[in-house]
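Undergrad: Quick one, coords.cif (mmCIF, C-alpha atoms):
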```cif
data_my_file
loop_
_atom_site.label_atom_id
_atom_site.label_comp_id
_atom_site.auth_asym_id
_atom_site.auth_seq_id
_atom_site.Cartn_x
_atom_site.Cartn_y
_atom_site.Cartn_z
CA MET A 1 44.76 -69.59 124.45
CA TYR A 2 44.30 -73.18 125.53
CA ARG A 3 47.17 -75.17 127.02
CA THR A 4 48.14 -78.74 126.22
CA ASP A 5 47.25 -79.89 129.73
CA MET A 6 43.74 -78.39 129.66
CA TYR A 7 40.50 -80.29 129.19
CA GLU A 8 38.73 -79.16 126.07
CA GLY A 9 35.36 -80.11 124.69
CA MET A 10 32.68 -78.67 122.45
CA LEU A 11 29.05 -79.31 121.65
CA SER A 12 27.74 -78.32 118.24
CA GLU A 13 24.28 -78.99 116.91
CA THR A 14 21.31 -77.62 115.04
CA VAL A 15 18.76 -75.91 117.27
CA THR A 16 15.60 -73.90 116.77
CA MET A 17 15.12 -70.36 118.01
CA PRO A 18 12.62 -67.51 117.66
CA GLY A 19 13.67 -65.07 114.96
CA HIS A 20 12.03 -62.08 113.32
CA LYS A 21 8.42 -61.61 114.47
CA GLY A 22 8.75 -64.74 116.59
CA ASP A 23 9.13 -67.06 113.58
CA VAL A 24 10.82 -70.25 114.69
CA ILE A 25 13.88 -70.81 112.51
CA ASN A 26 16.79 -73.19 112.75
CA ALA A 27 20.32 -72.26 113.69
CA TYR A 28 23.72 -73.90 114.09
CA PHE A 29 24.94 -73.58 117.65
CA ALA A 30 28.33 -74.44 119.12
CA ARG A 31 29.57 -73.96 122.65
CA PRO A 32 32.51 -74.96 124.79
CA LEU A 33 31.75 -77.65 127.35
CA GLY A 34 32.04 -76.55 130.94
CA LYS A 35 30.01 -74.43 133.28
CA GLY A 36 31.19 -71.14 131.85
CA PRO A 37 30.00 -68.50 131.92
CA PHE A 38 30.89 -67.71 128.30
CA PRO A 39 30.37 -64.61 126.15
CA GLY A 40 28.51 -65.09 122.88
CA VAL A 41 28.83 -64.38 119.18
CA VAL A 42 26.00 -64.28 116.65
CA LEU A 43 27.15 -65.06 113.11
CA ALA A 44 25.41 -63.47 110.10
CA HIS A 45 26.13 -65.78 107.17
CA HIS A 46 27.08 -64.56 103.72
CA LEU A 47 25.50 -64.63 100.24
CA PRO A 48 26.55 -68.25 99.52
CA GLY A 49 24.23 -69.13 102.33
CA TRP A 50 24.16 -71.12 105.53
CA ASP A 51 27.06 -73.19 104.34
CA GLU A 52 29.98 -75.26 105.56
CA TRP A 53 32.29 -72.27 106.03
CA TYR A 54 29.81 -70.75 108.47
CA ARG A 55 29.53 -74.02 110.38
CA GLU A 56 33.31 -74.20 110.61
CA THR A 57 33.49 -70.59 111.75
CA THR A 58 30.77 -71.13 114.34
CA ARG A 59 32.87 -73.95 115.79
CA ARG A 60 35.95 -71.74 115.59
CA PHE A 61 34.35 -69.20 117.91
CA ALA A 62 33.33 -71.99 120.30
CA HIS A 63 36.89 -73.31 120.21
CA HIS A 64 38.01 -69.85 121.33
CA GLY A 65 35.61 -69.87 124.26
CA TYR A 66 32.41 -68.31 122.90
CA LEU A 67 28.83 -69.44 122.70
CA ALA A 68 28.35 -69.17 118.95
CA ILE A 69 25.16 -69.29 116.94
CA SER A 70 24.60 -68.97 113.21
CA PRO A 71 20.90 -68.54 112.45
CA ASN A 72 19.66 -69.79 109.08
CA LEU A 73 18.82 -66.39 107.59
CA TYR A 74 17.40 -68.13 104.50
CA PHE A 75 15.10 -70.43 106.48
CA ARG A 76 11.96 -69.02 104.90
CA ALA A 77 13.18 -69.73 101.35
CA GLY A 78 12.80 -73.46 101.91
CA HIS A 79 15.19 -76.32 102.42
CA GLY A 80 17.71 -78.13 100.29
CA VAL A 81 21.45 -78.02 99.83
CA PRO A 82 22.75 -74.57 100.88
CA GLU A 83 23.64 -73.53 97.31
CA ASP A 84 20.15 -74.22 95.96
CA VAL A 85 18.57 -72.28 98.82
CA ALA A 86 21.01 -69.39 98.39
CA ALA A 87 20.43 -69.35 94.62
CA LYS A 88 16.71 -68.86 95.23
CA VAL A 89 17.32 -66.04 97.70
CA ARG A 90 19.77 -64.44 95.27
CA ALA A 91 17.17 -64.59 92.49
CA ASP A 92 14.57 -63.03 94.77
CA GLY A 93 16.77 -60.04 95.58
CA GLY A 94 18.06 -61.24 98.94
CA ALA A 95 16.47 -61.59 102.36
CA SER A 96 14.96 -58.36 103.63
CA ASP A 97 17.03 -56.26 105.98
CA ASP A 98 14.16 -56.11 108.49
CA GLN A 99 13.90 -59.88 108.59
CA VAL A 100 17.66 -60.44 108.92
CA VAL A 101 17.99 -57.88 111.71
CA GLY A 102 15.03 -59.55 113.47
CA ASP A 103 16.65 -62.98 113.17
CA LEU A 104 20.01 -61.73 114.45
CA ALA A 105 18.29 -60.02 117.39
CA GLY A 106 16.49 -63.28 118.13
CA ALA A 107 19.83 -65.12 118.13
CA MET A 108 21.23 -62.52 120.54
CA ARG A 109 18.35 -63.09 122.93
CA TYR A 110 18.75 -66.86 122.59
CA LEU A 111 22.41 -66.69 123.64
CA ARG A 112 21.74 -64.26 126.46
CA SER A 113 19.01 -66.52 127.87
CA LEU A 114 21.36 -69.46 128.35
CA PRO A 115 22.36 -70.17 131.96
CA TYR A 116 26.03 -70.32 131.02
CA SER A 117 26.08 -66.92 129.25
CA THR A 118 27.99 -63.94 130.63
CA GLY A 119 25.31 -61.76 129.06
CA LYS A 120 27.79 -60.22 126.62
CA VAL A 121 27.06 -60.87 122.94
CA ALA A 122 28.77 -59.72 119.73
CA VAL A 123 27.58 -59.93 116.14
CA PHE A 124 29.92 -60.99 113.33
CA GLY A 125 29.53 -61.35 109.58
CA THR A 126 31.36 -61.48 106.28
CA CYS A 127 30.33 -60.14 102.87
CA SER A 128 26.55 -59.54 103.02
CA GLY A 129 26.81 -60.81 106.59
CA GLY A 130 29.24 -58.01 107.40
CA ARG A 131 26.69 -55.53 106.15
CA HIS A 132 23.99 -57.27 108.20
CA ALA A 133 26.21 -57.34 111.31
CA PHE A 134 26.62 -53.58 111.08
CA LEU A 135 22.90 -53.08 110.47
CA ALA A 136 22.01 -55.25 113.46
CA ALA A 137 24.44 -53.34 115.67
CA CYS A 138 22.65 -50.13 114.70
CA ARG A 139 19.05 -51.31 114.70
CA ALA A 140 18.80 -54.12 117.27
CA LYS A 141 19.78 -52.68 120.58
CA GLY A 142 21.70 -54.95 122.89
CA PHE A 143 24.82 -56.10 121.08
CA ASP A 144 28.07 -55.41 122.95
CA ALA A 145 30.39 -55.48 119.91
CA ALA A 146 30.14 -55.86 116.14
CA VAL A 147 32.53 -57.17 113.49
CA ASP A 148 32.01 -56.23 109.85
CA CYS A 149 34.29 -58.20 107.53
CA TRP A 150 34.28 -56.66 104.05
CA GLY A 151 30.56 -55.95 104.08
CA GLY A 152 29.57 -54.52 100.71
CA ARG A 153 26.72 -52.13 100.06
CA VAL A 154 26.93 -50.40 103.43
CA VAL A 155 27.23 -47.32 101.23
CA MET A 156 24.47 -47.49 98.61
CA SER A 157 23.32 -45.13 95.91
CA SER A 158 19.62 -44.40 95.67
CA GLN A 159 19.50 -46.58 92.52
CA GLU A 160 20.70 -49.57 94.54
CA LEU A 161 17.91 -49.38 97.12
CA THR A 162 15.30 -52.13 96.80
CA PRO A 163 12.14 -53.11 98.71
CA GLN A 164 14.23 -55.65 100.64
CA GLN A 165 17.03 -53.15 101.29
CA PRO A 166 15.22 -49.79 101.37
CA ILE A 167 17.76 -47.81 103.41
CA ALA A 168 21.54 -47.72 103.06
CA PRO A 169 23.16 -49.05 106.25
CA ILE A 170 25.47 -46.03 106.43
CA ASP A 171 22.39 -43.94 107.16
CA TYR A 172 21.95 -45.84 110.44
CA THR A 173 25.50 -45.04 111.62
CA LYS A 174 24.24 -42.52 114.17
CA ASP A 175 22.35 -45.38 115.88
CA LEU A 176 25.37 -47.71 116.25
CA SER A 177 25.16 -48.87 119.84
CA CYS A 178 28.42 -50.77 120.36
CA PRO A 179 32.10 -50.79 119.34
CA LEU A 180 32.70 -51.80 115.73
CA LEU A 181 35.63 -53.65 114.13
CA GLY A 182 35.95 -53.53 110.34
CA LEU A 183 38.33 -55.66 108.26
CA PHE A 184 38.71 -54.83 104.56
CA GLY A 185 40.95 -55.43 101.55
CA GLU A 186 42.22 -52.56 99.46
CA GLU A 187 41.65 -54.48 96.20
CA ASP A 188 37.98 -55.10 97.00
CA SER A 189 35.36 -53.75 94.60
CA SER A 190 32.50 -54.04 97.13
CA PRO A 191 33.21 -52.29 99.39
CA THR A 192 35.77 -50.13 97.63
CA PRO A 193 38.39 -48.37 99.78
CA GLU A 194 36.56 -45.12 98.98
CA GLN A 195 33.30 -46.51 100.36
CA VAL A 196 35.08 -47.70 103.50
CA LYS A 197 36.53 -44.20 103.94
CA LYS A 198 33.10 -42.69 103.54
CA HIS A 199 31.74 -45.00 106.23
CA GLU A 200 34.67 -44.15 108.47
CA GLN A 201 33.94 -40.43 108.07
CA GLU A 202 30.36 -41.05 109.14
CA LEU A 203 31.51 -43.01 112.19
CA LYS A 204 33.86 -40.17 113.15
CA LYS A 205 31.14 -37.59 112.62
CA HIS A 206 28.93 -39.35 115.15
CA GLY A 207 31.75 -40.04 117.62
CA LYS A 208 31.46 -43.82 117.39
CA ASN A 209 33.90 -46.31 118.87
CA TYR A 210 35.37 -48.17 115.92
CA GLU A 211 38.56 -49.55 114.42
CA PHE A 212 38.98 -50.25 110.72
CA HIS A 213 41.86 -52.14 109.13
CA MET A 214 42.49 -52.00 105.41
CA TYR A 215 44.74 -54.83 104.21
CA PRO A 216 47.04 -54.37 101.20
CA LYS A 217 47.30 -57.09 98.56
CA ALA A 218 43.87 -58.39 99.54
CA GLY A 219 40.41 -58.12 98.08
CA HIS A 220 37.09 -59.60 99.08
CA GLY A 221 36.83 -62.68 101.29
CA ILE A 222 40.23 -62.61 102.98
CA PHE A 223 39.28 -65.41 105.43
CA TYR A 224 37.76 -67.82 102.88
CA HIS A 225 40.25 -70.67 102.82
CA ASP A 226 38.11 -72.45 100.23
CA ARG A 227 38.22 -69.60 97.72
CA PRO A 228 41.03 -68.04 95.64
CA MET A 229 40.60 -64.72 97.46
CA TYR A 230 42.03 -66.26 100.66
CA ARG A 231 45.05 -64.30 101.91
CA GLN A 232 46.92 -66.27 104.53
CA GLU A 233 48.99 -63.52 106.10
CA GLN A 234 46.15 -60.98 106.19
CA ALA A 235 43.68 -63.61 107.41
CA MET A 236 45.85 -64.66 110.34
CA ASP A 237 46.37 -61.04 111.33
CA GLY A 238 42.66 -60.36 110.91
CA TRP A 239 41.64 -63.26 113.16
CA LYS A 240 44.14 -62.05 115.77
CA LYS A 241 42.71 -58.53 115.67
CA LEU A 242 39.19 -59.93 115.80
CA PHE A 243 39.74 -62.07 118.89
CA THR A 244 41.63 -59.26 120.63
CA PHE A 245 38.70 -56.95 119.90
CA LEU A 246 36.15 -59.44 121.24
CA GLU A 247 38.16 -60.17 124.38
CA LYS A 248 38.33 -56.45 125.09
CA HIS A 249 34.69 -55.62 124.51
CA LEU A 250 33.08 -58.81 125.81
CA ASP A 251 35.18 -58.79 128.99
CA LYS A 252 36.52 -62.22 128.19
CA ALA A 253 39.54 -63.53 130.05
CA SER A 254 41.98 -64.87 127.45
CA MET B 1 24.97 -60.03 99.05
CA CYS B 2 27.40 -57.78 97.38
CA THR B 3 25.94 -56.66 94.07
CA MET B 4 22.32 -57.86 94.08
CA ILE B 5 22.36 -57.59 90.30
CA VAL B 6 19.84 -60.10 88.99
CA GLU B 7 17.79 -60.37 85.80
CA LYS B 8 15.10 -62.93 85.12
CA ALA B 9 13.82 -64.44 81.90
CA LYS B 10 10.88 -66.74 81.33
CA VAL B 11 12.14 -69.67 79.30
CA SER B 12 10.76 -72.82 77.77
CA GLY B 13 12.83 -75.91 77.19
CA SER B 14 14.48 -78.62 79.22
CA GLY B 15 17.46 -78.81 81.53
CA LYS B 16 19.35 -81.78 82.88
CA GLY B 17 19.64 -81.60 86.65
CA ARG B 18 20.72 -83.96 89.41
CA ASP B 19 17.86 -86.36 88.76
CA GLY B 20 17.73 -86.11 84.98
CA TRP B 21 15.81 -83.92 82.58
CA PHE B 22 13.13 -81.53 83.72
CA THR B 23 11.03 -78.77 82.18
CA LEU B 24 12.51 -75.27 82.54
CA ARG B 25 10.39 -72.26 83.42
CA GLN B 26 12.82 -69.49 84.25
CA ALA B 27 16.45 -68.37 83.93
CA ASN B 28 17.90 -66.24 86.72
CA VAL B 29 20.98 -64.33 85.65
CA SER B 30 23.01 -62.65 88.37
CA TYR B 31 26.32 -60.84 88.42
CA ASP B 32 27.49 -61.65 91.90
CA HIS B 33 29.69 -64.00 93.89
CA PRO B 34 29.80 -67.50 92.40
CA PHE B 35 29.63 -70.63 94.53
CA HIS B 36 32.34 -72.53 92.68
CA ALA B 37 34.06 -70.59 89.87
CA PRO B 38 37.40 -69.18 91.11
CA LEU B 39 36.27 -65.59 90.56
CA ASP B 40 35.33 -62.67 92.79
CA HIS B 41 32.23 -62.02 90.70
CA ALA B 42 30.75 -64.08 87.91
CA VAL B 43 27.77 -64.20 85.61
CA ASN B 44 25.71 -66.88 87.31
CA ILE B 45 22.91 -68.44 85.33
CA ASP B 46 20.39 -70.66 87.07
CA PHE B 47 17.90 -72.46 84.86
CA VAL B 48 15.09 -73.39 87.21
CA ASN B 49 11.57 -74.68 87.59
CA PRO B 50 10.19 -73.25 90.85
CA GLU B 51 7.25 -75.66 90.77
CA LEU B 52 9.59 -78.64 91.12
CA GLY B 53 11.53 -77.42 94.15
CA LEU B 54 14.83 -75.77 94.96
CA ASP B 55 16.94 -78.55 93.48
CA ALA B 56 15.32 -78.25 90.04
CA ARG B 57 18.25 -76.05 89.00
CA VAL B 58 20.89 -76.21 86.30
CA ALA B 59 23.65 -73.80 87.20
CA VAL B 60 26.57 -72.29 85.34
CA GLU B 61 29.03 -69.67 86.55
CA LEU B 62 30.92 -67.79 83.85
CA SER B 63 33.56 -65.08 83.73
CA ALA B 64 32.31 -61.83 82.21
CA ASP B 65 34.31 -62.51 79.03
CA ALA B 66 32.96 -66.04 78.78
CA ALA B 67 29.41 -64.74 79.22
CA ARG B 68 29.90 -62.24 76.39
CA GLU B 69 31.29 -65.02 74.20
CA LEU B 70 28.27 -67.15 75.05
CA VAL B 71 25.92 -64.30 74.13
CA ARG B 72 27.77 -63.92 70.82
CA ALA B 73 27.55 -67.66 70.12
CA ILE B 74 23.84 -67.80 70.95
CA THR B 75 23.10 -64.75 68.83
CA THR B 76 25.09 -66.11 65.90
CA ALA B 77 23.48 -69.54 66.14
CA LEU B 78 20.04 -67.93 66.26
CA GLU B 79 20.79 -65.78 63.22
CA ARG B 80 22.05 -68.78 61.24
CA GLY B 81 19.08 -70.85 62.33
CA ASP B 82 16.67 -68.11 61.33
CA GLN B 83 18.32 -67.83 57.90
CA GLN B 84 18.15 -71.58 57.28
CA HIS B 85 14.59 -71.69 58.52
CA VAL B 86 13.62 -68.93 56.07
CA ARG B 87 15.38 -70.72 53.17
CA SER B 88 13.90 -74.14 53.93
#
```
Write the structure described by the file as structure tokens, please.
TA:
Amino acid sequence: MYRTDMYEGMLSETVTMPGHKGDVINAYFARPLGKGPFPGVVLAHHLPGWDEWYRETTRRFAHHGYLAISPNLYFRAGHGVPEDVAAKVRADGGASDDQVVGDLAGAMRYLRSLPYSTGKVAVFGTCSGGRHAFLAACRAKGFDAAVDCWGGRVVMSSQELTPQQPIAPIDYTKDLSCPLLGLFGEEDSSPTPEQVKKHEQELKKHGKNYEFHMYPKAGHGIFYHDRPMYRQEQAMDGWKKLFTFLEKHLDKAS
Amino acid sequence: MCTMIVEKAKVSGSGKGRDGWFTLRQANVSYDHPFHAPLDHAVNIDFVNPELGLDARVAVELSADAARELVRAITTALERGDQQHVRS
């Protein structure tokens, strides 16, 4: 935690970075000023797109001492206001899992290449981004920690599989290569508490390092202060758990 | 992307967007998280014309009950219109 007599500064800007298959995409990057070195966090944005909440959250991680980058996972859909871009992606069945994992892996390499990086990098996401964070932690080797906030459709029936999402993320659980934090609400319909339990059983079966927290009186989107699903008490506890988890697994001095 | 439920319909007609009226080509109907409506999930209808760019979009986000009421109203209006058209 910062002190009132400390210097504090931050740089935040749009950058470009190589994503899936080397495609150059844009990303929102924020970092604390100072020589570091700093651990990093890659943010996987949610269904509403590369929006203001994700910019705010990218800066939040930087404020807490992390190099933070939020790649524009909808870059290839074109450009406009985030809602119009996200509406197109939604109509097209979502970005493909392969492409998103490739973009998140590219963001990980970008952070790790910076001269002020500790080399430790986590992946974080909410909603569809939570699902993608888990997928990336299983499929893109190299992440040191992963945070899945209420990621729906980790557990998928065969009827739900699509060309863009051909394999249920839960089926990759055996490949999870880093500790996982999961934050969920017991009133959520996607994922349901039963689906979270099923995922937890799979994590146990494969001996994975994980911690899941299921909040009462909360549904989907606990952290979204701009939406009616925001739950102040659960959100504050969730952020505390999240930063404690990252400090532990990214070897960050608090 | 929490439900990925989307249906598409080819449509003809006009919609009034940010820059005025434009020709509609398609309606995308999803049951997923809305951008604005204070709901967890909503019936989101985007009337679009892909040829005119991403901002050629007229959007509504309805509760499930409101969407059913809209379907009823459209169906009823169509039936009444068909009847009058046949009589006239």
Undergrad: What does the PyMOL selection byres ((chain B) within 10 of (chain A)) select in this file, as an mmCIF file with C-alpha atoms, in the frame of the given file?
TA:
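Wrote it out as result.cif, contents follow:
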```cif
data_model
loop_
_atom_site.group_PDB
_atom_site.id
_atom_site.type_symbol
_atom_site.label_atom_id
_atom_site.label_comp_id
_atom_site.auth_asym_id
_atom_site.auth_seq_id
_atom_site.Cartn_x
_atom_site.Cartn_y
_atom_site.Cartn_z
ATOM 1 C CA MET B 1 24.970 -60.030 99.050
ATOM 2 C CA CYS B 2 27.400 -57.780 97.380
ATOM 3 C CA THR B 3 25.940 -56.660 94.070
ATOM 4 C CA MET B 4 22.320 -57.860 94.080
ATOM 5 C CA ILE B 5 22.360 -57.590 90.300
ATOM 6 C CA VAL B 6 19.840 -60.100 88.990
ATOM 7 C CA GLU B 7 17.790 -60.370 85.800
ATOM 8 C CA LYS B 8 15.100 -62.930 85.120
ATOM 9 C CA ALA B 27 16.450 -68.370 83.930
ATOM 10 C CA ASN B 28 17.900 -66.240 86.720
ATOM 11 C CA VAL B 29 20.980 -64.330 85.650
ATOM 12 C CA SER B 30 23.010 -62.650 88.370
ATOM 13 C CA ASP B 32 27.490 -61.650 91.900
ATOM 14 C CA HIS B 33 29.690 -64.000 93.890
ATOM 15 C CA PRO B 34 29.800 -67.500 92.400
ATOM 16 C CA PHE B 35 29.630 -70.630 94.530
ATOM 17 C CA HIS B 36 32.340 -72.530 92.680
ATOM 18 C CA ALA B 37 34.060 -70.590 89.870
ATOM 19 C CA PRO B 38 37.400 -69.180 91.110
ATOM 20 C CA LEU B 39 36.270 -65.590 90.560
ATOM 21 C CA ASP B 40 35.330 -62.670 92.790
ATOM 22 C CA HIS B 41 32.230 -62.020 90.700
ATOM 23 C CA ASN B 44 25.710 -66.880 87.310
ATOM 24 C CA ILE B 45 22.910 -68.440 85.330
ATOM 25 C CA ASP B 46 20.390 -70.660 87.070
ATOM 26 C CA VAL B 48 15.090 -73.390 87.210
ATOM 27 C CA PRO B 50 10.190 -73.250 90.850
ATOM 28 C CA GLY B 53 11.530 -77.420 94.150
ATOM 29 C CA LEU B 54 14.830 -75.770 94.960
ATOM 30 C CA ASP B 55 16.940 -78.550 93.480
ATOM 31 C CA ALA B 56 15.320 -78.250 90.040
ATOM 32 C CA ARG B 57 18.250 -76.050 89.000
ATOM 33 C CA VAL B 58 20.890 -76.210 86.300
ATOM 34 C CA ALA B 59 23.650 -73.800 87.200
#
```
Undergrad: To one decimal in Å, tell me the separation between CA of Cys178 in chain A and CA of Val42 in chain A.
TA: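 One can read the CA of Cys178 in chain A to CA of Val42 in chain A distance as 14.2 Å.
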Undergrad: When the PyMOL selection byres ((chain A and resi 217) around 9) is applied to the structure above, which residues does it catch, written out as an MDAnalysis selection string?
TA: chainID A and resid 185:187 215:216 218:219 231 234
Undergrad: Around the point (28.6, -66.4, 85.6), in the coordinates given by the file, pick out the residues reaching within 6 Å, counting all atoms listed in the file, and return them as number ranges by chain.
TA: B: 42-44, 61-63
Undergrad: Which one of A:Leu73, A:Asp98, A:Val24, A:Glu13 sits closest to Arg55 in chain A if you count all atoms listed in the file?
TA: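 Closest residue, counting all atoms listed in the file: A:Glu13.
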Undergrad: Name every residue that the PyMOL selection byres ((chain A and resi 139-148) around 7) selects in this structure, writing the answer as a ChimeraX atom specification with chains first and numbers rising.
TA: /A:101,105,120-126,130-131,133-138,149-151,175,177-183,249-250
Undergrad: List the spatial neighbours of range 200-206 of chain A as a short mmCIF file (atom, residue, chain, number, x, y, z; two decimals) with C-alpha atoms, in the coordinates of the input - criterion: any atom at most 7 Å away, only C-alpha atoms, same-chain residues fewer than 3 positions off excluded.
TA:
```cif
data_model
loop_
_atom_site.label_atom_id
_atom_site.label_comp_id
_atom_site.auth_asym_id
_atom_site.auth_seq_id
_atom_site.Cartn_x
_atom_site.Cartn_y
_atom_site.Cartn_z
CA THR A 173 25.50 -45.04 111.62
CA LYS A 174 24.24 -42.52 114.17
CA VAL A 196 35.08 -47.70 103.50
CA LYS A 197 36.53 -44.20 103.94
#
```
Undergrad: State, in Å with one decimal place, the distance from CA of Met236 in chain A to CA of Thr57 in chain A.
TA: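 Straight-line distance from CA of Met236 in chain A to CA of Thr57 in chain A works out to 13.8 Å.
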Undergrad: Work out how far CA of Gly20 in chain B is from CA of Phe75 in chain A, in Å to one decimal.
TA: 26.7 Å
Undergrad: Find the residues with any atom within 7 Å of (12.3, -72.3, 82.3); use all atoms listed in the file and the coordinates as given in the file, and write the answer as a PDB file with C-alpha atoms, in the frame of the given file.
TA:
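Now in out_9.pdb:
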```pdb
ATOM      1  CA  LYS B  10      10.880 -66.740  81.330  1.00  0.00           C
ATOM      2  CA  VAL B  11      12.140 -69.670  79.300  1.00  0.00           C
ATOM      3  CA  SER B  12      10.760 -72.820  77.770  1.00  0.00           C
ATOM      4  CA  GLY B  13      12.830 -75.910  77.190  1.00  0.00           C
ATOM      5  CA  THR B  23      11.030 -78.770  82.180  1.00  0.00           C
ATOM      6  CA  LEU B  24      12.510 -75.270  82.540  1.00  0.00           C
ATOM      7  CA  ARG B  25      10.390 -72.260  83.420  1.00  0.00           C
ATOM      8  CA  GLN B  26      12.820 -69.490  84.250  1.00  0.00           C
ATOM      9  CA  ALA B  27      16.450 -68.370  83.930  1.00  0.00           C
ATOM     10  CA  PHE B  47      17.900 -72.460  84.860  1.00  0.00           C
ATOM     11  CA  VAL B  48      15.090 -73.390  87.210  1.00  0.00           C
ATOM     12  CA  ASN B  49      11.570 -74.680  87.590  1.00  0.00           C
TER      13      ASN B  49
END
```
Undergrad: With only C-alpha atoms as the counted atoms, please give the residues lying no more than 8 Å from range 59-64 of chain A, apart from itself and same-chain residues fewer than 3 positions off, as a list of chain:residue names.
TA: A:Met1, A:Met10, A:Ser12, A:Ala30, A:Arg31, A:Pro32, A:Val41, A:Arg55, A:Glu56, A:Leu67, A:Ala68
Undergrad: Keeping only C-alpha atoms, take the residues you just selected and write them out as a JSON list (two decimals), in the frame of the given file.
TA:
```json
[["chain", "number", "residue", "atom", "x", "y", "z"],
["A", 1, "MET", "CA", 44.76, -69.59, 124.45],
["A", 10, "MET", "CA", 32.68, -78.67, 122.45],
["A", 12, "SER", "CA", 27.74, -78.32, 118.24],
["A", 30, "ALA", "CA", 28.33, -74.44, 119.12],
["A", 31, "ARG", "CA", 29.57, -73.96, 122.65],
["A", 32, "PRO", "CA", 32.51, -74.96, 124.79],
["A", 41, "VAL", "CA", 28.83, -64.38, 119.18],
["A", 55, "ARG", "CA", 29.53, -74.02, 110.38],
["A", 56, "GLU", "CA", 33.31, -74.20, 110.61],
["A", 67, "LEU", "CA", 28.83, -69.44, 122.70],
["A", 68, "ALA", "CA", 28.35, -69.17, 118.95]]
```
Undergrad: Rank A:Gln195, A:Thr14, A:Gln232, A:Thr244 by their smallest atom-to-atom distance to Ile170 in chain A, using all atoms listed in the file, and report the top residue only.
TA: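 Distance minimum relative to Ile170 in chain A lands on A:Gln195.
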Undergrad: Please, what is the axis-aligned box for every listed atom of range 59-65 of chain B with 6 Å on each side, as centre and edge lengths in Å to one decimal, as lines of an AutoDock Vina configuration file?
TA:
```
center_x = 29.0
center_y = -67.8
center_z = 83.1
size_x = 22.7
size_y = 24.0
size_z = 20.2
```
Undergrad: Might you pull out every residue within 7 Å of range 109-113 of chain A, with only C-alpha atoms counted and same-chain residues fewer than 3 positions away left off, and present them as a list in words?
TA: Met17, Gly40, Ala105, Gly106, Ser117 and Gly119 of chain A
